[in-house]
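Notes to accompany the following structure.
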Amino acid sequence: MASTAPIRPRARPAHTQGSTHCAYTPDGSKLVTVGSNNTIRLYKTGFDGEPINIDDCQEQNVCVAASNDFFVVGSEDGTLSLYSIPNAAFDSYLLRTSLPIRDVALSPDSKWCAVASDELTVKLVRTDDNSKLRHLRAHNKPTKHLAFDTKGETVSLACTDGVIYVYDITGQDSEDPELMRRVDGIIGTLDTESEISTKIAWHPDGRAFAVPTPTRDIQVVSRYDWEKQRSFSNGHTGEITALSWSPNGAMLASAGKDKKILVWDTKTQAVIARHSFANVMDIAWHPTNNIVSFTNSDGEVYIHPDFVAEEHVSLLKLSKQPSPFIHDPLSEISANVRRPEVNGLKPMVSRPHRDSVGSYDSLMDGPMPEDEEFVEDDDGAGYVINSNGKRLHDGADGLGDPSSKRRAVQIEYHEAFQPGSTPWRHNRKYLCLNMIGFVWTVDQDGHNTVTVEFYDQAFQKKIRINDTYLYDKACLTENGVVMSCPPTDDAPATIFYRPHETWTHRTDWKTQLPKGEAVLAISLSNSFVTVTTTANYVRVYTLFGIPYKVYRPKSTPMVTCASWKDYVMTIGNGPAGADGQTRLFYTIENIKRDEICQNEDTVALPPGATLKNVFFSDRGDPCIYDSTGTLLTLLHWRKPSGASWIPLLDTKLLPRLASGRKTESYFPIAVAEDRFHCIILKGGEEYPYFPLPLLTEFDFSVPLTSEPPSKKKPNPDAMEDDDSPDGEDGESESYKLEQQYLLKSIAAAQLQDILLRPAGGNHAQRSSLARLELDIDKALLQLLAIECREGEDRGMRALELVELMRDETGRMVEAACKVADRYGRSILREKIREMEDRRLAGEEDNEL
């Protein structure tokens, strides 16, 4: 229920009628007010007497921003002035604009001042050196309000065209910031002189900002995806003119033309207090005390002690509160992260010092008698005894190492993730994206609606589930769909499986995990359901809910899992390196045969990279996609300790990105039919949104050079009897043939591993291997023709190509001799004959 403060503060006539604004210094010692007259006032916190006046200033001052040592003021004559707080006097002019200034903001470190005016360009000027100037130019309308985020990494502009422009300012001081995002459809179009506000107010935790909307609501926008989150609505009946977060972010104060100041609870977005004050233009919370100051268009200043009523003052005493997200990204990963340990040791429990207040000795008026047995430092040598009873060397700490050389290493664990899923964005989330279809959910405030869709509608119709369990993870196959929900205070985590077809009346099953145990990742194959949990268990169920196996892997905390037929691949955090980042280890196991193919081997990630997706290809080979945009597959993974990660594609080297004018990323979906299937993401997006974009497929291309050779224009004088395709030079053709040779060799090695299993392979697989080996030899034969065409000095490389051929019948050697004869390479032909004779002689010796 909304409450009303009983005590009304007095109005302090500070300025003449007109635009009046205020700002507290970060330490809360001073309140600065500016207005339409040529006087600036400094109010000392806790002192109810007359303020300090600064008369050496401009008139029509319309904005102010303060640090502990100085404050900046912008005026309608285009002057940006800097004033010293200790001296309470004018210091210098920072900037002049040709049109009226409308807003100013100081960066968190107070080194930069952002200036918005009626000019189209927003300027950033150094407060300690006004010769350093940066310009924001990508917007095409004047800026009414602007704000730095809490880390000083971005500047957000609320422009008169109703668009919020976000600039990245982390570059060099000599470079102009680049536009990183346009946020449209939130604020309305306004004139720069309007009293209606579109002020951008960053929440103290820095993860979102609030901004007034034309519907008289206050909308929260996430900095992760710049999408709408919670909103503060149904409060004001007039346009909003000012807003400000409390220092800990637990409350939001707003003022409107309805002559009301409202105080909102951030967590519930409910109005908890209403104050009647007209024409309010600016609001400022004191950084530490229960004081709020505000100004109005009559030139008056109000300093309101005990602004938050007693029944709600506990909110002001809370620690920093989170931004009001619909689905908080931090809550999604909080269960995935294990608290870091220092230098591999468990964190020590802090104990009070012997003489500190609250310690055992302080309560007992001295140490216990048994504590009297200690080494007395008679000679002042500073003895320190280690665990072996020996004195340490000088300069060594309690662990025996020189204190100057020891440093605490912060361990960084890889976060757990569900393959093929996306985080919440507004009220929607993809639970699963793969080649079969996709599973997505919509938050309906109290329950969710889960939809399972298939690309092939003839195979299975769309499934819609009214979800009261709030499932947040899913996996989809041709047989069924499995989902899981997180635990709550009242219910444990639940796993739910629904087959697409069944011959019994019961079509699904549910099982619950032990209380407090949450699901980190789930996978589904034709045989099993695999679940990794926060208790560092791997739980395996049959397709109809029979617990098949439970074990704890060596590498924890768990990160993710994937499965194919009877094989399960689990990935977890291993030991940390010198940089403090853990190495990811994977294990591949055949669940049905109880055989381990690869045990705690390393996931090949470059330094600083993270794992984005893991899956099995359509042929059953493990694949990973990392944050560098590289797709890798695991070769020889059926041989214990014989596996190696092979790159199939580096998306940064795609020809479509060669010009450098296009910027895009790729969301991995699957590897199928010897192609990489993904979703193209533009505009800096990291995850796909609704409606689902079309899938795109790319051919594999092993990264060999920084840029594939470009095609040359066809030579009109070239002879028609040229082996290279029209319009291609030898270098481009060689590159394609080398790619073909490598990719066919990888595919042949994967197929050969299947045929070497004890069970062997079928006739179709043996025929496929024979065709692959023939294709490999054909590619080598074409490369041989290119080498012969280049000249006699390429003979050694040409002979090496023949040695790589896999044909054992001699037909490819004969073809190679014919190619050498065609180009008149008689010496090469003789070398090929000698090589073939040695091979045959070697075979005969082996037979003997």
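Following the order of the structure tokens, chains are lettered A, B, ..., residues in each are numbered from 1, and ligands are numbered from 1.
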
> Could you pull the residues within 10 Å of Leu783 in chain A, counting only C-alpha atoms, minus those fewer than 3 positions along the same chain, as a PyMOL selection string?
Replying inline: chain A and resi 730+733-738+741+777-780+786-789+797-798+801-802

>> Using only C-alpha atoms, can you tell me which of A:Met558, A:Met835, A:Leu635, A:Ile218 comes closest to Ser745 in chain A?
In response: A:Leu635

>> What's around Ser293 in chain A at 6 Å? Count only C-alpha atoms, leave out sequence neighbours fewer than 3 positions away in its own chain, and write the answer as a PyMOL selection string.
In response: chain A and resi 283-284+302-304

>> Can you tell me which residues surround Lys228 in chain A at a distance of at most 6 Å, considering only C-alpha atoms, apart from same-chain residues fewer than 4 positions away, and format the answer as an NGL selection string?
In response: :A and (220-221 or 426)

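Closest approach to Pro247 in chain A among A:Glu836, A:Asp621, A:Glu697, A:Asp205: A:Asp205, based on only C-alpha atoms.
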
> CA of Ile746 in chain A and CA of Ser767 in chain A are how many Å apart?
Replying inline: 16.4 Å

> Which is closer to Val442 in chain A than all the others in A:Phe294, A:Phe690, A:Thr213, A:Met812, using only C-alpha atoms?
Replying inline: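 The closest residue to Val442 in chain A is A:Phe690.
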
Which neighbours of His500 in chain A fall inside 12 Å, counting only C-alpha atoms, when residues of the same chain fewer than 5 positions from it are skipped, and could you give them as an mmCIF file with N, CA and C atoms, in the first residue's frame?
```cif
data_model
loop_
_atom_site.group_PDB
_atom_site.id
_atom_site.type_symbol
_atom_site.label_atom_id
_atom_site.label_comp_id
_atom_site.auth_asym_id
_atom_site.auth_seq_id
_atom_site.Cartn_x
_atom_site.Cartn_y
_atom_site.Cartn_z
ATOM 1 N N VAL A 452 6.914 -26.918 -29.423
ATOM 2 C CA VAL A 452 7.877 -27.772 -30.116
ATOM 3 C C VAL A 452 7.494 -27.773 -31.592
ATOM 4 N N GLU A 453 8.392 -27.273 -32.434
ATOM 5 C CA GLU A 453 8.131 -27.194 -33.870
ATOM 6 C C GLU A 453 9.179 -27.989 -34.632
ATOM 7 N N PHE A 454 8.738 -28.559 -35.769
ATOM 8 C CA PHE A 454 9.605 -29.380 -36.601
ATOM 9 C C PHE A 454 9.725 -28.732 -37.975
ATOM 10 N N PHE A 459 6.497 -34.855 -40.921
ATOM 11 C CA PHE A 459 6.985 -35.832 -39.959
ATOM 12 C C PHE A 459 6.238 -35.737 -38.641
ATOM 13 N N GLN A 460 6.017 -34.530 -38.160
ATOM 14 C CA GLN A 460 5.356 -34.347 -36.879
ATOM 15 C C GLN A 460 4.742 -32.952 -36.826
ATOM 16 N N LYS A 461 3.535 -32.867 -36.309
ATOM 17 C CA LYS A 461 2.880 -31.579 -36.190
ATOM 18 C C LYS A 461 3.417 -30.823 -34.973
ATOM 19 N N LYS A 462 3.130 -29.533 -34.950
ATOM 20 C CA LYS A 462 3.553 -28.679 -33.848
ATOM 21 C C LYS A 462 2.920 -29.155 -32.536
ATOM 22 N N ILE A 463 3.724 -29.107 -31.455
ATOM 23 C CA ILE A 463 3.264 -29.507 -30.121
ATOM 24 C C ILE A 463 3.294 -28.286 -29.223
ATOM 25 N N LEU A 476 15.798 -32.140 -28.371
ATOM 26 C CA LEU A 476 14.814 -32.676 -29.314
ATOM 27 C C LEU A 476 15.492 -33.650 -30.264
ATOM 28 N N THR A 477 14.850 -34.824 -30.461
ATOM 29 C CA THR A 477 15.300 -35.792 -31.457
ATOM 30 C C THR A 477 14.085 -36.275 -32.245
ATOM 31 N N GLU A 478 14.315 -37.207 -33.162
ATOM 32 C CA GLU A 478 13.219 -37.764 -33.947
ATOM 33 C C GLU A 478 12.306 -38.645 -33.113
ATOM 34 N N ASN A 479 12.764 -39.062 -31.932
ATOM 35 C CA ASN A 479 11.967 -39.949 -31.087
ATOM 36 C C ASN A 479 11.122 -39.203 -30.064
ATOM 37 N N GLY A 480 11.630 -38.076 -29.551
ATOM 38 C CA GLY A 480 10.894 -37.380 -28.515
ATOM 39 C C GLY A 480 11.588 -36.102 -28.105
ATOM 40 N N VAL A 481 11.071 -35.503 -27.036
ATOM 41 C CA VAL A 481 11.646 -34.278 -26.501
ATOM 42 C C VAL A 481 11.761 -34.442 -24.987
ATOM 43 N N VAL A 482 12.910 -34.007 -24.431
ATOM 44 C CA VAL A 482 13.130 -34.046 -23.000
ATOM 45 C C VAL A 482 13.331 -32.625 -22.521
ATOM 46 N N ARG A 506 0.025 -44.319 -21.860
ATOM 47 C CA ARG A 506 0.893 -43.349 -21.191
ATOM 48 C C ARG A 506 1.961 -42.884 -22.178
ATOM 49 N N THR A 507 2.032 -41.596 -22.384
ATOM 50 C CA THR A 507 2.911 -41.073 -23.422
ATOM 51 C C THR A 507 4.123 -40.341 -22.884
ATOM 52 N N ASP A 508 4.198 -40.064 -21.585
ATOM 53 C CA ASP A 508 5.338 -39.311 -21.071
ATOM 54 C C ASP A 508 5.665 -39.768 -19.660
ATOM 55 N N LEU A 543 15.020 -44.297 -22.288
ATOM 56 C CA LEU A 543 14.055 -43.387 -22.904
ATOM 57 C C LEU A 543 12.722 -43.352 -22.165
#
```

> Skipping near chain neighbours, those fewer than 5 positions away, what residues fall within 9 Å of Asp56 in chain A using only C-alpha atoms, listed as a list in words?
Replying inline: Asn38, Thr39, Ile40, Ala89 and Phe90 of chain A

Taking N, CA, C and O atoms for each residue, export the selection above as a CSV table (one decimal), in the first residue's frame.
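Printed below is selection09.csv as written:
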```csv
chain,number,residue,atom,x,y,z
A,38,ASN,N,22.0,34.3,-12.9
A,38,ASN,CA,23.5,34.1,-12.9
A,38,ASN,C,24.0,33.8,-11.5
A,38,ASN,O,25.0,34.5,-11.1
A,39,THR,N,23.5,32.8,-10.9
A,39,THR,CA,24.0,32.4,-9.5
A,39,THR,C,23.9,30.9,-9.4
A,39,THR,O,22.9,30.3,-9.8
A,40,ILE,N,25.0,30.3,-8.9
A,40,ILE,CA,25.0,28.9,-8.6
A,40,ILE,C,25.1,28.7,-7.1
A,40,ILE,O,25.8,29.5,-6.4
A,89,ALA,N,34.4,28.5,-6.8
A,89,ALA,CA,34.6,29.6,-7.8
A,89,ALA,C,34.8,29.0,-9.2
A,89,ALA,O,35.0,27.8,-9.3
A,90,PHE,N,34.6,29.9,-10.1
A,90,PHE,CA,34.8,29.5,-11.5
A,90,PHE,C,36.2,29.1,-11.8
A,90,PHE,O,37.2,29.8,-11.3
```

> Taking the backbone alone, and naming residues the way the document does, which bits of range 635-801 of chain A are strand (DSSP E) by DSSP, as a list in words?
Replying inline: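 Those in range 635-801 of chain A that DSSP calls strand (DSSP E) are Leu635, Ser644, Trp645, Ile646, Pro647, Leu648, Leu649, Asp650, Glu664, Ser665, Tyr666, Phe667, Pro668, Ile669, Ala670, Val671, Ala672, Arg675, Phe676, His677, Cys678, Ile679, Ile680, Leu681, Lys682, Thr696, Glu697, Phe698 and Asp699 of chain A.
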
>> Please identify the helix (DSSP H, G or I) residues within range 161-315 of chain A (assignment by DSSP from backbone atoms) and present them as a ChimeraX atom specification.
In response: /A:310-315

> Which residues come within 7 Å of Asn599 in chain A, counting only C-alpha atoms, excluding same-chain residues fewer than 4 positions away, as a list in words?
Replying inline: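 Final neighbour list, sorted by chain and number: Tyr586, Thr587 and Ile588 of chain A.
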
Each residue of range 127-150 of chain A lying at most 12 Å from range 61-69 of chain A should get a row with its shortest atom-to-atom pair and the distance in Å to one decimal, counting only C-alpha atoms; could you produce that, ordered by chain and increasing number, as a tab-separated table?
```
residue	atom	partner	partner_atom	distance
A:Thr127	CA	A:Ser67	CA	10.9
A:Asp128	CA	A:Asp69	CA	11.9
A:Lys144	CA	A:Cys63	CA	11.1
A:His145	CA	A:Cys63	CA	10.1
A:Leu146	CA	A:Cys63	CA	11.3
A:Ala147	CA	A:Ala65	CA	10.7
A:Phe148	CA	A:Ala65	CA	11.7
```

Restrict the selected residues to N, CA and C atoms and save them as a short mmCIF file (atom, residue, chain, number, x, y, z; two decimals), in the first residue's frame.
```cif
data_model
loop_
_atom_site.label_atom_id
_atom_site.label_comp_id
_atom_site.auth_asym_id
_atom_site.auth_seq_id
_atom_site.Cartn_x
_atom_site.Cartn_y
_atom_site.Cartn_z
N THR A 127 38.12 16.68 -18.91
CA THR A 127 37.97 17.73 -17.91
C THR A 127 39.31 18.30 -17.45
N ASP A 128 40.39 17.54 -17.64
CA ASP A 128 41.71 18.02 -17.25
C ASP A 128 42.51 18.57 -18.42
N LYS A 144 18.64 15.20 -26.51
CA LYS A 144 17.99 15.87 -25.38
C LYS A 144 18.62 15.46 -24.05
N HIS A 145 18.92 14.17 -23.90
CA HIS A 145 19.54 13.67 -22.67
C HIS A 145 20.65 12.70 -23.04
N LEU A 146 21.63 12.57 -22.16
CA LEU A 146 22.70 11.59 -22.35
C LEU A 146 23.18 11.10 -21.00
N ALA A 147 23.86 9.93 -21.02
CA ALA A 147 24.33 9.33 -19.77
C ALA A 147 25.43 8.34 -20.05
N PHE A 148 26.45 8.33 -19.18
CA PHE A 148 27.45 7.27 -19.16
C PHE A 148 26.88 6.07 -18.40
#
```

> To one decimal place, how far is CA of Asp103 in chain A from CA of Leu252 in chain A in Å?
Replying inline: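 Interatomic distance here is 21.0 Å.
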
>> For a quick check of understanding, using only C-alpha atoms, which of A:Thr542, A:Ile326, A:Pro214, A:Arg41 has the smallest distance to Gly446 in chain A?
In response: A:Ile326

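Take CA of Ile465 in chain A and CA of His447 in chain A: the distance between them is 10.7 Å.
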